[in-house]
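Shown next: entry_0.pdb, containing PDB, C-alpha atoms, pLDDT in the B column.
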MODEL        1
ATOM      1  CA  MET A   1      70.271  49.735 193.667  1.00 40.00           C
ATOM      2  CA  GLY A   2      69.462  47.071 191.090  1.00 52.00           C
ATOM      3  CA  GLN A   3      68.947  43.366 191.436  1.00 81.00           C
ATOM      4  CA  HIS A   4      72.617  42.661 192.162  1.00 91.00           C
ATOM      5  CA  SER A   5      74.326  42.338 195.536  1.00 92.00           C
ATOM      6  CA  PHE A   6      76.854  45.017 194.573  1.00 96.00           C
ATOM      7  CA  ARG A   7      76.652  48.602 193.344  1.00 97.00           C
ATOM      8  CA  SER A   8      77.763  49.436 189.817  1.00 98.00           C
ATOM      9  CA  PHE A   9      79.058  52.731 188.430  1.00 98.00           C
ATOM     10  CA  ALA A  10      79.446  53.653 184.761  1.00 98.00           C
ATOM     11  CA  ILE A  11      82.123  56.193 183.863  1.00 98.00           C
ATOM     12  CA  VAL A  12      81.434  58.220 180.708  1.00 97.00           C
ATOM     13  CA  PRO A  13      84.569  60.195 179.699  1.00 94.00           C
ATOM     14  CA  ALA A  14      83.036  63.132 177.807  1.00 92.00           C
ATOM     15  CA  ALA A  15      85.799  65.707 178.288  1.00 89.00           C
ATOM     16  CA  GLY A  16      87.406  65.358 174.845  1.00 74.00           C
ATOM     17  CA  ARG A  17      87.684  68.223 172.368  1.00 63.00           C
ATOM     18  CA  SER A  18      86.245  66.511 169.236  1.00 53.00           C
ATOM     19  CA  ARG A  19      88.937  68.029 167.015  1.00 49.00           C
ATOM     20  CA  ARG A  20      88.333  65.647 164.123  1.00 46.00           C
ATOM     21  CA  MET A  21      84.599  66.352 164.049  1.00 41.00           C
ATOM     22  CA  GLY A  22      84.937  70.127 164.066  1.00 40.00           C
ATOM     23  CA  SER A  23      82.062  70.524 166.546  1.00 44.00           C
ATOM     24  CA  ASP A  24      80.641  69.218 169.828  1.00 77.00           C
ATOM     25  CA  LYS A  25      80.635  65.601 168.734  1.00 85.00           C
ATOM     26  CA  LEU A  26      78.529  64.124 171.511  1.00 91.00           C
ATOM     27  CA  LEU A  27      75.629  66.468 170.720  1.00 92.00           C
ATOM     28  CA  LEU A  28      75.536  65.481 167.043  1.00 89.00           C
ATOM     29  CA  PRO A  29      72.554  63.346 166.011  1.00 90.00           C
ATOM     30  CA  PHE A  30      72.935  59.644 165.379  1.00 88.00           C
ATOM     31  CA  GLU A  31      69.802  58.062 163.925  1.00 87.00           C
ATOM     32  CA  GLY A  32      67.631  60.809 165.384  1.00 89.00           C
ATOM     33  CA  LYS A  33      69.184  61.290 168.832  1.00 92.00           C
ATOM     34  CA  PRO A  34      72.331  63.008 170.119  1.00 93.00           C
ATOM     35  CA  ILE A  35      75.193  60.538 170.527  1.00 92.00           C
ATOM     36  CA  VAL A  36      75.463  61.180 174.260  1.00 94.00           C
ATOM     37  CA  ASP A  37      71.722  60.561 174.656  1.00 95.00           C
ATOM     38  CA  ARG A  38      72.095  57.091 173.143  1.00 94.00           C
ATOM     39  CA  VAL A  39      75.096  56.319 175.347  1.00 96.00           C
ATOM     40  CA  ILE A  40      73.358  57.354 178.591  1.00 97.00           C
ATOM     41  CA  GLU A  41      70.249  55.428 177.542  1.00 97.00           C
ATOM     42  CA  ALA A  42      72.329  52.289 176.941  1.00 97.00           C
ATOM     43  CA  TRP A  43      73.860  52.457 180.421  1.00 97.00           C
ATOM     44  CA  ARG A  44      70.452  52.954 182.004  1.00 97.00           C
ATOM     45  CA  ARG A  45      68.801  50.152 180.063  1.00 97.00           C
ATOM     46  CA  GLY A  46      71.760  47.899 180.863  1.00 97.00           C
ATOM     47  CA  GLY A  47      71.001  48.224 184.580  1.00 97.00           C
ATOM     48  CA  VAL A  48      73.979  50.139 185.951  1.00 97.00           C
ATOM     49  CA  ASP A  49      73.210  51.882 189.265  1.00 97.00           C
ATOM     50  CA  GLN A  50      75.004  55.228 188.774  1.00 97.00           C
ATOM     51  CA  ILE A  51      76.168  56.957 185.604  1.00 97.00           C
ATOM     52  CA  VAL A  52      78.988  59.460 186.098  1.00 98.00           C
ATOM     53  CA  VAL A  53      79.858  61.745 183.184  1.00 97.00           C
ATOM     54  CA  ILE A  54      83.083  63.751 183.111  1.00 96.00           C
ATOM     55  CA  VAL A  55      82.767  67.001 181.154  1.00 95.00           C
ATOM     56  CA  ARG A  56      84.823  70.170 180.722  1.00 91.00           C
ATOM     57  CA  ALA A  57      83.581  73.307 182.455  1.00 92.00           C
ATOM     58  CA  GLU A  58      84.009  75.269 179.216  1.00 90.00           C
ATOM     59  CA  HIS A  59      81.740  72.853 177.325  1.00 89.00           C
ATOM     60  CA  ALA A  60      78.534  74.634 178.370  1.00 91.00           C
ATOM     61  CA  ALA A  61      76.193  73.192 175.733  1.00 92.00           C
ATOM     62  CA  LEU A  62      77.074  69.592 176.546  1.00 93.00           C
ATOM     63  CA  ARG A  63      76.939  70.286 180.273  1.00 92.00           C
ATOM     64  CA  GLU A  64      73.474  71.814 180.021  1.00 93.00           C
ATOM     65  CA  TYR A  65      72.185  68.963 177.874  1.00 94.00           C
ATOM     66  CA  LEU A  66      73.526  66.344 180.271  1.00 94.00           C
ATOM     67  CA  GLN A  67      71.642  68.017 183.102  1.00 92.00           C
ATOM     68  CA  THR A  68      68.390  67.363 181.229  1.00 92.00           C
ATOM     69  CA  LEU A  69      69.359  63.670 181.168  1.00 91.00           C
ATOM     70  CA  ARG A  70      69.764  63.690 184.971  1.00 88.00           C
ATOM     71  CA  ALA A  71      73.292  62.322 184.770  1.00 88.00           C
ATOM     72  CA  GLU A  72      75.796  62.615 187.628  1.00 95.00           C
ATOM     73  CA  LEU A  73      78.263  65.231 186.378  1.00 96.00           C
ATOM     74  CA  VAL A  74      81.922  65.708 187.189  1.00 97.00           C
ATOM     75  CA  ILE A  75      82.859  69.146 185.875  1.00 95.00           C
ATOM     76  CA  SER A  76      86.565  69.647 185.272  1.00 93.00           C
ATOM     77  CA  GLU A  77      87.963  73.178 185.388  1.00 90.00           C
ATOM     78  CA  THR A  78      91.253  71.964 183.907  1.00 86.00           C
ATOM     79  CA  PRO A  79      91.908  70.155 180.603  1.00 80.00           C
ATOM     80  CA  LEU A  80      91.746  66.359 180.637  1.00 88.00           C
ATOM     81  CA  PRO A  81      93.778  65.494 177.527  1.00 83.00           C
ATOM     82  CA  GLU A  82      93.566  61.694 177.781  1.00 90.00           C
ATOM     83  CA  MET A  83      90.762  59.263 178.604  1.00 91.00           C
ATOM     84  CA  ILE A  84      92.720  58.002 181.619  1.00 94.00           C
ATOM     85  CA  ASP A  85      92.573  61.536 183.080  1.00 94.00           C
ATOM     86  CA  SER A  86      88.773  61.522 182.854  1.00 95.00           C
ATOM     87  CA  VAL A  87      88.615  58.033 184.344  1.00 97.00           C
ATOM     88  CA  ARG A  88      90.698  59.154 187.317  1.00 96.00           C
ATOM     89  CA  ALA A  89      88.405  62.161 187.840  1.00 96.00           C
ATOM     90  CA  GLY A  90      85.352  59.905 187.687  1.00 97.00           C
ATOM     91  CA  LEU A  91      86.770  57.372 190.127  1.00 98.00           C
ATOM     92  CA  GLN A  92      87.721  60.112 192.585  1.00 97.00           C
ATOM     93  CA  HIS A  93      84.192  61.526 192.444  1.00 97.00           C
ATOM     94  CA  ILE A  94      82.639  58.097 192.975  1.00 98.00           C
ATOM     95  CA  SER A  95      84.956  57.397 195.902  1.00 97.00           C
ATOM     96  CA  GLN A  96      84.138  60.677 197.637  1.00 97.00           C
ATOM     97  CA  LYS A  97      80.380  60.694 197.025  1.00 97.00           C
ATOM     98  CA  PHE A  98      79.375  57.028 197.118  1.00 97.00           C
ATOM     99  CA  SER A  99      82.044  55.322 199.310  1.00 97.00           C
ATOM    100  CA  PRO A 100      82.157  52.101 197.249  1.00 97.00           C
ATOM    101  CA  ARG A 101      82.933  48.757 198.817  1.00 95.00           C
ATOM    102  CA  SER A 102      85.662  46.463 197.522  1.00 91.00           C
ATOM    103  CA  GLY A 103      83.159  44.184 195.801  1.00 93.00           C
ATOM    104  CA  ASP A 104      81.372  46.978 193.962  1.00 97.00           C
ATOM    105  CA  ALA A 105      82.077  47.441 190.267  1.00 97.00           C
ATOM    106  CA  TRP A 106      82.845  50.254 187.846  1.00 98.00           C
ATOM    107  CA  MET A 107      82.312  50.046 184.125  1.00 98.00           C
ATOM    108  CA  LEU A 108      83.792  51.917 181.210  1.00 98.00           C
ATOM    109  CA  ALA A 109      83.221  52.554 177.507  1.00 96.00           C
ATOM    110  CA  PRO A 110      84.098  55.563 175.338  1.00 92.00           C
ATOM    111  CA  ALA A 111      81.514  58.347 175.282  1.00 92.00           C
ATOM    112  CA  ASP A 112      81.275  58.294 171.473  1.00 90.00           C
ATOM    113  CA  LEU A 113      79.750  54.800 171.135  1.00 92.00           C
ATOM    114  CA  PRO A 114      76.175  55.419 169.973  1.00 92.00           C
ATOM    115  CA  THR A 115      75.745  51.680 169.346  1.00 92.00           C
ATOM    116  CA  LEU A 116      76.775  50.654 172.871  1.00 94.00           C
ATOM    117  CA  ASP A 117      74.631  47.589 173.603  1.00 94.00           C
ATOM    118  CA  PRO A 118      72.507  47.581 176.786  1.00 96.00           C
ATOM    119  CA  MET A 119      72.424  43.779 176.665  1.00 96.00           C
ATOM    120  CA  ALA A 120      76.224  43.648 176.765  1.00 96.00           C
ATOM    121  CA  ILE A 121      76.176  45.862 179.863  1.00 97.00           C
ATOM    122  CA  ALA A 122      73.569  43.658 181.527  1.00 97.00           C
ATOM    123  CA  THR A 123      75.488  40.505 180.591  1.00 97.00           C
ATOM    124  CA  LEU A 124      78.676  41.766 182.252  1.00 97.00           C
ATOM    125  CA  LEU A 125      76.780  42.789 185.381  1.00 98.00           C
ATOM    126  CA  ASP A 126      75.151  39.350 185.593  1.00 97.00           C
ATOM    127  CA  ALA A 127      78.508  37.620 185.047  1.00 97.00           C
ATOM    128  CA  TYR A 128      80.346  39.593 187.728  1.00 97.00           C
ATOM    129  CA  ASP A 129      81.100  37.734 190.953  1.00 94.00           C
ATOM    130  CA  PRO A 130      82.001  40.115 193.827  1.00 92.00           C
ATOM    131  CA  GLN A 131      83.762  37.243 195.600  1.00 89.00           C
ATOM    132  CA  GLN A 132      86.097  36.277 192.758  1.00 88.00           C
ATOM    133  CA  ARG A 133      86.331  39.813 191.340  1.00 83.00           C
ATOM    134  CA  PRO A 134      88.189  39.375 188.058  1.00 91.00           C
ATOM    135  CA  ILE A 135      88.015  42.080 185.404  1.00 97.00           C
ATOM    136  CA  LEU A 136      85.373  41.337 182.764  1.00 98.00           C
ATOM    137  CA  ALA A 137      85.438  42.429 179.124  1.00 97.00           C
ATOM    138  CA  ALA A 138      82.908  42.070 176.348  1.00 96.00           C
ATOM    139  CA  THR A 139      84.388  40.228 173.370  1.00 96.00           C
ATOM    140  CA  TYR A 140      83.114  40.069 169.804  1.00 93.00           C
ATOM    141  CA  ASP A 141      84.506  37.286 167.592  1.00 91.00           C
ATOM    142  CA  ASP A 142      87.163  36.688 170.268  1.00 89.00           C
ATOM    143  CA  ARG A 143      88.311  40.316 170.187  1.00 92.00           C
ATOM    144  CA  ARG A 144      88.150  42.418 173.355  1.00 94.00           C
ATOM    145  CA  SER A 145      86.016  45.542 173.071  1.00 93.00           C
ATOM    146  CA  HIS A 146      83.453  47.481 175.117  1.00 94.00           C
ATOM    147  CA  PRO A 147      82.032  47.654 177.669  1.00 96.00           C
ATOM    148  CA  VAL A 148      84.496  46.520 180.342  1.00 97.00           C
ATOM    149  CA  LEU A 149      83.886  45.972 184.052  1.00 98.00           C
ATOM    150  CA  PHE A 150      86.389  46.377 186.887  1.00 98.00           C
ATOM    151  CA  PRO A 151      86.114  45.471 190.580  1.00 97.00           C
ATOM    152  CA  TRP A 152      86.295  48.622 192.680  1.00 96.00           C
ATOM    153  CA  ARG A 153      89.701  47.632 194.063  1.00 94.00           C
ATOM    154  CA  ILE A 154      91.209  48.259 190.611  1.00 96.00           C
ATOM    155  CA  ALA A 155      90.572  51.986 191.109  1.00 96.00           C
ATOM    156  CA  GLU A 156      93.750  52.116 193.208  1.00 95.00           C
ATOM    157  CA  GLN A 157      95.773  50.791 190.273  1.00 96.00           C
ATOM    158  CA  VAL A 158      94.341  53.450 187.950  1.00 97.00           C
ATOM    159  CA  ALA A 159      95.716  56.130 190.252  1.00 93.00           C
ATOM    160  CA  GLN A 160      99.150  54.476 190.082  1.00 95.00           C
ATOM    161  CA  LEU A 161      99.428  54.065 186.297  1.00 95.00           C
ATOM    162  CA  SER A 162     102.400  55.875 184.787  1.00 93.00           C
ATOM    163  CA  ALA A 163     102.104  58.629 182.201  1.00 89.00           C
ATOM    164  CA  ALA A 164     102.889  56.086 179.475  1.00 93.00           C
ATOM    165  CA  GLU A 165     100.202  53.616 180.581  1.00 95.00           C
ATOM    166  CA  THR A 166      96.507  53.401 179.750  1.00 94.00           C
ATOM    167  CA  ILE A 167      93.440  51.431 180.842  1.00 95.00           C
ATOM    168  CA  ARG A 168      94.604  48.609 178.552  1.00 95.00           C
ATOM    169  CA  ASP A 169      97.572  48.024 180.864  1.00 97.00           C
ATOM    170  CA  LEU A 170      95.182  46.959 183.629  1.00 97.00           C
ATOM    171  CA  PHE A 171      94.423  43.829 181.630  1.00 96.00           C
ATOM    172  CA  ALA A 172      98.107  42.916 181.566  1.00 95.00           C
ATOM    173  CA  LYS A 173      98.459  43.458 185.310  1.00 95.00           C
ATOM    174  CA  ASN A 174      95.358  41.539 186.447  1.00 95.00           C
ATOM    175  CA  GLU A 175      93.281  38.445 185.895  1.00 94.00           C
ATOM    176  CA  TRP A 176      90.468  39.092 183.445  1.00 96.00           C
ATOM    177  CA  ARG A 177      87.721  37.072 181.837  1.00 96.00           C
ATOM    178  CA  ALA A 178      86.291  37.387 178.344  1.00 96.00           C
ATOM    179  CA  ILE A 179      82.497  37.438 178.086  1.00 96.00           C
ATOM    180  CA  ALA A 180      81.482  36.572 174.530  1.00 95.00           C
ATOM    181  CA  MET A 181      78.703  38.638 172.969  1.00 95.00           C
ATOM    182  CA  SER A 182      76.439  37.610 170.120  1.00 86.00           C
ATOM    183  CA  SER A 183      75.604  41.195 169.151  1.00 78.00           C
ATOM    184  CA  VAL A 184      77.501  43.430 166.720  1.00 77.00           C
ATOM    185  CA  LYS A 185      80.649  45.089 168.038  1.00 81.00           C
ATOM    186  CA  PRO A 186      79.963  48.753 168.956  1.00 78.00           C
ATOM    187  CA  TYR A 187      81.930  51.404 167.142  1.00 62.00           C
ATOM    188  CA  ASP A 188      82.938  54.965 167.870  1.00 67.00           C
ATOM    189  CA  VAL A 189      82.201  58.098 165.886  1.00 61.00           C
ATOM    190  CA  ASP A 190      85.360  59.937 164.849  1.00 55.00           C
ATOM    191  CA  PHE A 191      84.456  61.672 161.601  1.00 46.00           C
ATOM    192  CA  PRO A 192      81.268  63.251 160.169  1.00 48.00           C
ATOM    193  CA  GLY A 193      80.912  60.374 157.697  1.00 49.00           C
ATOM    194  CA  ASP A 194      80.579  57.925 160.588  1.00 50.00           C
ATOM    195  CA  LEU A 195      77.230  59.505 161.473  1.00 50.00           C
ATOM    196  CA  GLU A 196      75.887  58.819 157.999  1.00 53.00           C
ATOM    197  CA  LEU A 197      76.943  55.183 157.900  1.00 47.00           C
ATOM    198  CA  GLY A 198      75.063  54.356 161.076  1.00 47.00           C
ATOM    199  CA  ALA A 199      74.849  50.671 161.899  1.00 44.00           C
ATOM    200  CA  ARG A 200      76.174  49.815 158.447  1.00 42.00           C
ATOM    201  CA  LYS A 201      79.676  50.989 159.329  1.00 44.00           C
ATOM    202  CA  PRO A 202      82.130  48.053 159.069  1.00 39.00           C
ATOM    203  CA  GLU A 203      83.960  46.945 162.179  1.00 39.00           C
ATOM    204  CA  LYS A 204      87.399  48.357 162.848  1.00 37.00           C
TER     205      LYS A 204
ENDMDL
END

Go through the file and emit its structure as structure tokens.
Amino acid sequence: MGQHSFRSFAIVPAAGRSRRMGSDKLLLPFEGKPIVDRVIEAWRRGGVDQIVVIVRAEHAALREYLQTLRAELVISETPLPEMIDSVRAGLQHISQKFSPRSGDAWMLAPADLPTLDPMAIATLLDAYDPQQRPILAATYDDRRSHPVLFPWRIAEQVAQLSAAETIRDLFAKNEWRAIAMSSVKPYDVDFPGDLELGARKPEK
């Protein structure tokens, strides 16, 4: 438990297949460390209470590496083709193991964001009011990005999203508040060349 009056849970959806990279993307080095290492470190430094990583059972190398990082693992025996599937698995695990209260919060960012900013995470946590409980989103130059923070009650809506809907639809269904960041917008790693560009990669 951190300095806040609520518990916070980060969901790291790491069950993708990395088809465009041609290898286990999250284990590839980014400026000297595996991508997933940088992501977990950002969540920890940002002050989140629990980090829950969703990974495929068949992805043994990533699973073993995550265990060295002492992350809370959700191991899926079945394919999770979309991010929303991993989010649902993470929320179910959190609900069963940690019994969150309505005012607790869960946070989300893609697993392939090696430049995820710990200060952005901390800023959202500090801005969250368990009484008012709107969704919070980090914005960069007035554009919504990552990370995002949801009151625990929104977990019920995730379970009810249709097959055609995604996490983005939660913003259309609920009140949300933009939290402006002064740092550089984080970016994901999709192709091998993205690893070489590092922090010099232009924003999408």

Enumerate, as a PyMOL selection string, the residues matched when the PyMOL selection byres ((chain A and resi 41-57) around 7) is run on the file above.
chain A and resi 1-2+7-15+37-40+58-60+63+71-77+86+90+116-119+121-122

Report as a ChimeraX atom specification the full result of the PyMOL selection byres ((chain A and resi 136-152) around 6) when it is applied to this structure.
/A:102,104-109,133,135,153-155,176-181,185

What is the atom CA of A:Gln92 to atom CA of A:Ile167 distance in Å?
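Atom-to-atom, atom CA of A:Gln92 and atom CA of A:Ile167 are spaced 15.7 Å apart.
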
Kindly give the distance, in Å, that separates atom CA of A:Arg88 and atom CA of A:Ala159, rounded to a single decimal.
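Between these atoms lies a distance of 6.6 Å.
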
Rank nothing, just name the residue among A:Pro186, A:Gly16, A:Pro29, A:Pro114 nearest to A:Met83, using all atoms listed in the file.
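Of A:Pro186, A:Gly16, A:Pro29, A:Pro114, the one nearest A:Met83 is A:Gly16, counting all atoms listed in the file.
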
Test item: axis-aligned box, all listed atoms of stretch 107-125 of chain A, 8 Å on each side, centre and edges in Å rounded to one decimal, as JSON:
{"center_x": 78.3, "center_y": 49.4, "center_z": 177.4, "size_x": 27.7, "size_y": 33.8, "size_z": 32.0}

Could you tell me how far atom CA of A:Arg70 sits from atom CA of A:Phe98, in Å to one decimal place?
16.9 Å

Which residues are close to A:Leu161, i.e. within 12 Å by only C-alpha atoms, leaving aside same-chain residues fewer than 3 positions away? Reply as a ChimeraX atom specification.
/A:84-85,87-88,154-158,164-170,173

Using only C-alpha atoms, what residues lie at most 8 Å away from (72.7, 64.2, 172.0) (file coordinates), given as a PyMOL selection string?
chain A and resi 26-29+33-38+65

Return stretch 158-179 of chain A, completed with N, CA and C atoms, as an mmCIF file, keeping the file's coordinate frame.
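Result file out.cif:
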data_model
loop_
_atom_site.group_PDB
_atom_site.id
_atom_site.type_symbol
_atom_site.label_atom_id
_atom_site.label_comp_id
_atom_site.auth_asym_id
_atom_site.auth_seq_id
_atom_site.Cartn_x
_atom_site.Cartn_y
_atom_site.Cartn_z
ATOM 1 N N VAL A 158 94.492 52.371 188.933
ATOM 2 C CA VAL A 158 94.341 53.450 187.950
ATOM 3 C C VAL A 158 95.108 54.683 188.420
ATOM 4 N N ALA A 159 95.012 54.968 189.697
ATOM 5 C CA ALA A 159 95.716 56.130 190.252
ATOM 6 C C ALA A 159 97.229 55.978 190.141
ATOM 7 N N GLN A 160 97.714 54.735 190.077
ATOM 8 C CA GLN A 160 99.150 54.476 190.082
ATOM 9 C C GLN A 160 99.739 54.263 188.691
ATOM 10 N N LEU A 161 98.907 54.260 187.648
ATOM 11 C CA LEU A 161 99.428 54.065 186.297
ATOM 12 C C LEU A 161 100.379 55.201 185.928
ATOM 13 N N SER A 162 101.435 54.866 185.211
ATOM 14 C CA SER A 162 102.400 55.875 184.787
ATOM 15 C C SER A 162 101.839 56.690 183.631
ATOM 16 N N ALA A 163 102.557 57.752 183.287
ATOM 17 C CA ALA A 163 102.104 58.629 182.201
ATOM 18 C C ALA A 163 102.058 57.892 180.867
ATOM 19 N N ALA A 164 102.837 56.833 180.732
ATOM 20 C CA ALA A 164 102.889 56.086 179.475
ATOM 21 C C ALA A 164 101.862 54.959 179.426
ATOM 22 N N GLU A 165 101.133 54.729 180.525
ATOM 23 C CA GLU A 165 100.202 53.616 180.581
ATOM 24 C C GLU A 165 98.760 54.079 180.384
ATOM 25 N N THR A 166 97.918 53.122 179.982
ATOM 26 C CA THR A 166 96.507 53.401 179.750
ATOM 27 C C THR A 166 95.669 52.324 180.442
ATOM 28 N N ILE A 167 94.349 52.427 180.276
ATOM 29 C CA ILE A 167 93.440 51.431 180.842
ATOM 30 C C ILE A 167 93.788 50.035 180.338
ATOM 31 N N ARG A 168 94.258 49.929 179.099
ATOM 32 C CA ARG A 168 94.604 48.609 178.552
ATOM 33 C C ARG A 168 95.641 47.887 179.414
ATOM 34 N N ASP A 169 96.524 48.648 180.057
ATOM 35 C CA ASP A 169 97.572 48.024 180.864
ATOM 36 C C ASP A 169 97.001 47.303 182.081
ATOM 37 N N LEU A 170 95.803 47.650 182.499
ATOM 38 C CA LEU A 170 95.182 46.959 183.629
ATOM 39 C C LEU A 170 94.910 45.499 183.307
ATOM 40 N N PHE A 171 94.672 45.208 182.034
ATOM 41 C CA PHE A 171 94.423 43.829 181.630
ATOM 42 C C PHE A 171 95.695 42.994 181.686
ATOM 43 N N ALA A 172 96.838 43.631 181.474
ATOM 44 C CA ALA A 172 98.107 42.916 181.566
ATOM 45 C C ALA A 172 98.526 42.691 183.014
ATOM 46 N N LYS A 173 98.052 43.529 183.906
ATOM 47 C CA LYS A 173 98.459 43.458 185.310
ATOM 48 C C LYS A 173 97.542 42.576 186.157
ATOM 49 N N ASN A 174 96.369 42.212 185.634
ATOM 50 C CA ASN A 174 95.358 41.539 186.447
ATOM 51 C C ASN A 174 94.713 40.373 185.700
ATOM 52 N N GLU A 175 94.092 39.504 186.484
ATOM 53 C CA GLU A 175 93.281 38.445 185.895
ATOM 54 C C GLU A 175 92.046 39.067 185.266
ATOM 55 N N TRP A 176 91.692 38.611 184.064
ATOM 56 C CA TRP A 176 90.468 39.092 183.445
ATOM 57 C C TRP A 176 89.798 37.958 182.692
ATOM 58 N N ARG A 177 88.498 38.129 182.469
ATOM 59 C CA ARG A 177 87.721 37.072 181.837
ATOM 60 C C ARG A 177 86.951 37.653 180.663
ATOM 61 N N ALA A 178 87.018 36.974 179.541
ATOM 62 C CA ALA A 178 86.291 37.387 178.344
ATOM 63 C C ALA A 178 84.851 36.902 178.431
ATOM 64 N N ILE A 179 83.918 37.785 178.133
ATOM 65 C CA ILE A 179 82.497 37.438 178.086
ATOM 66 C C ILE A 179 82.035 37.630 176.640
#
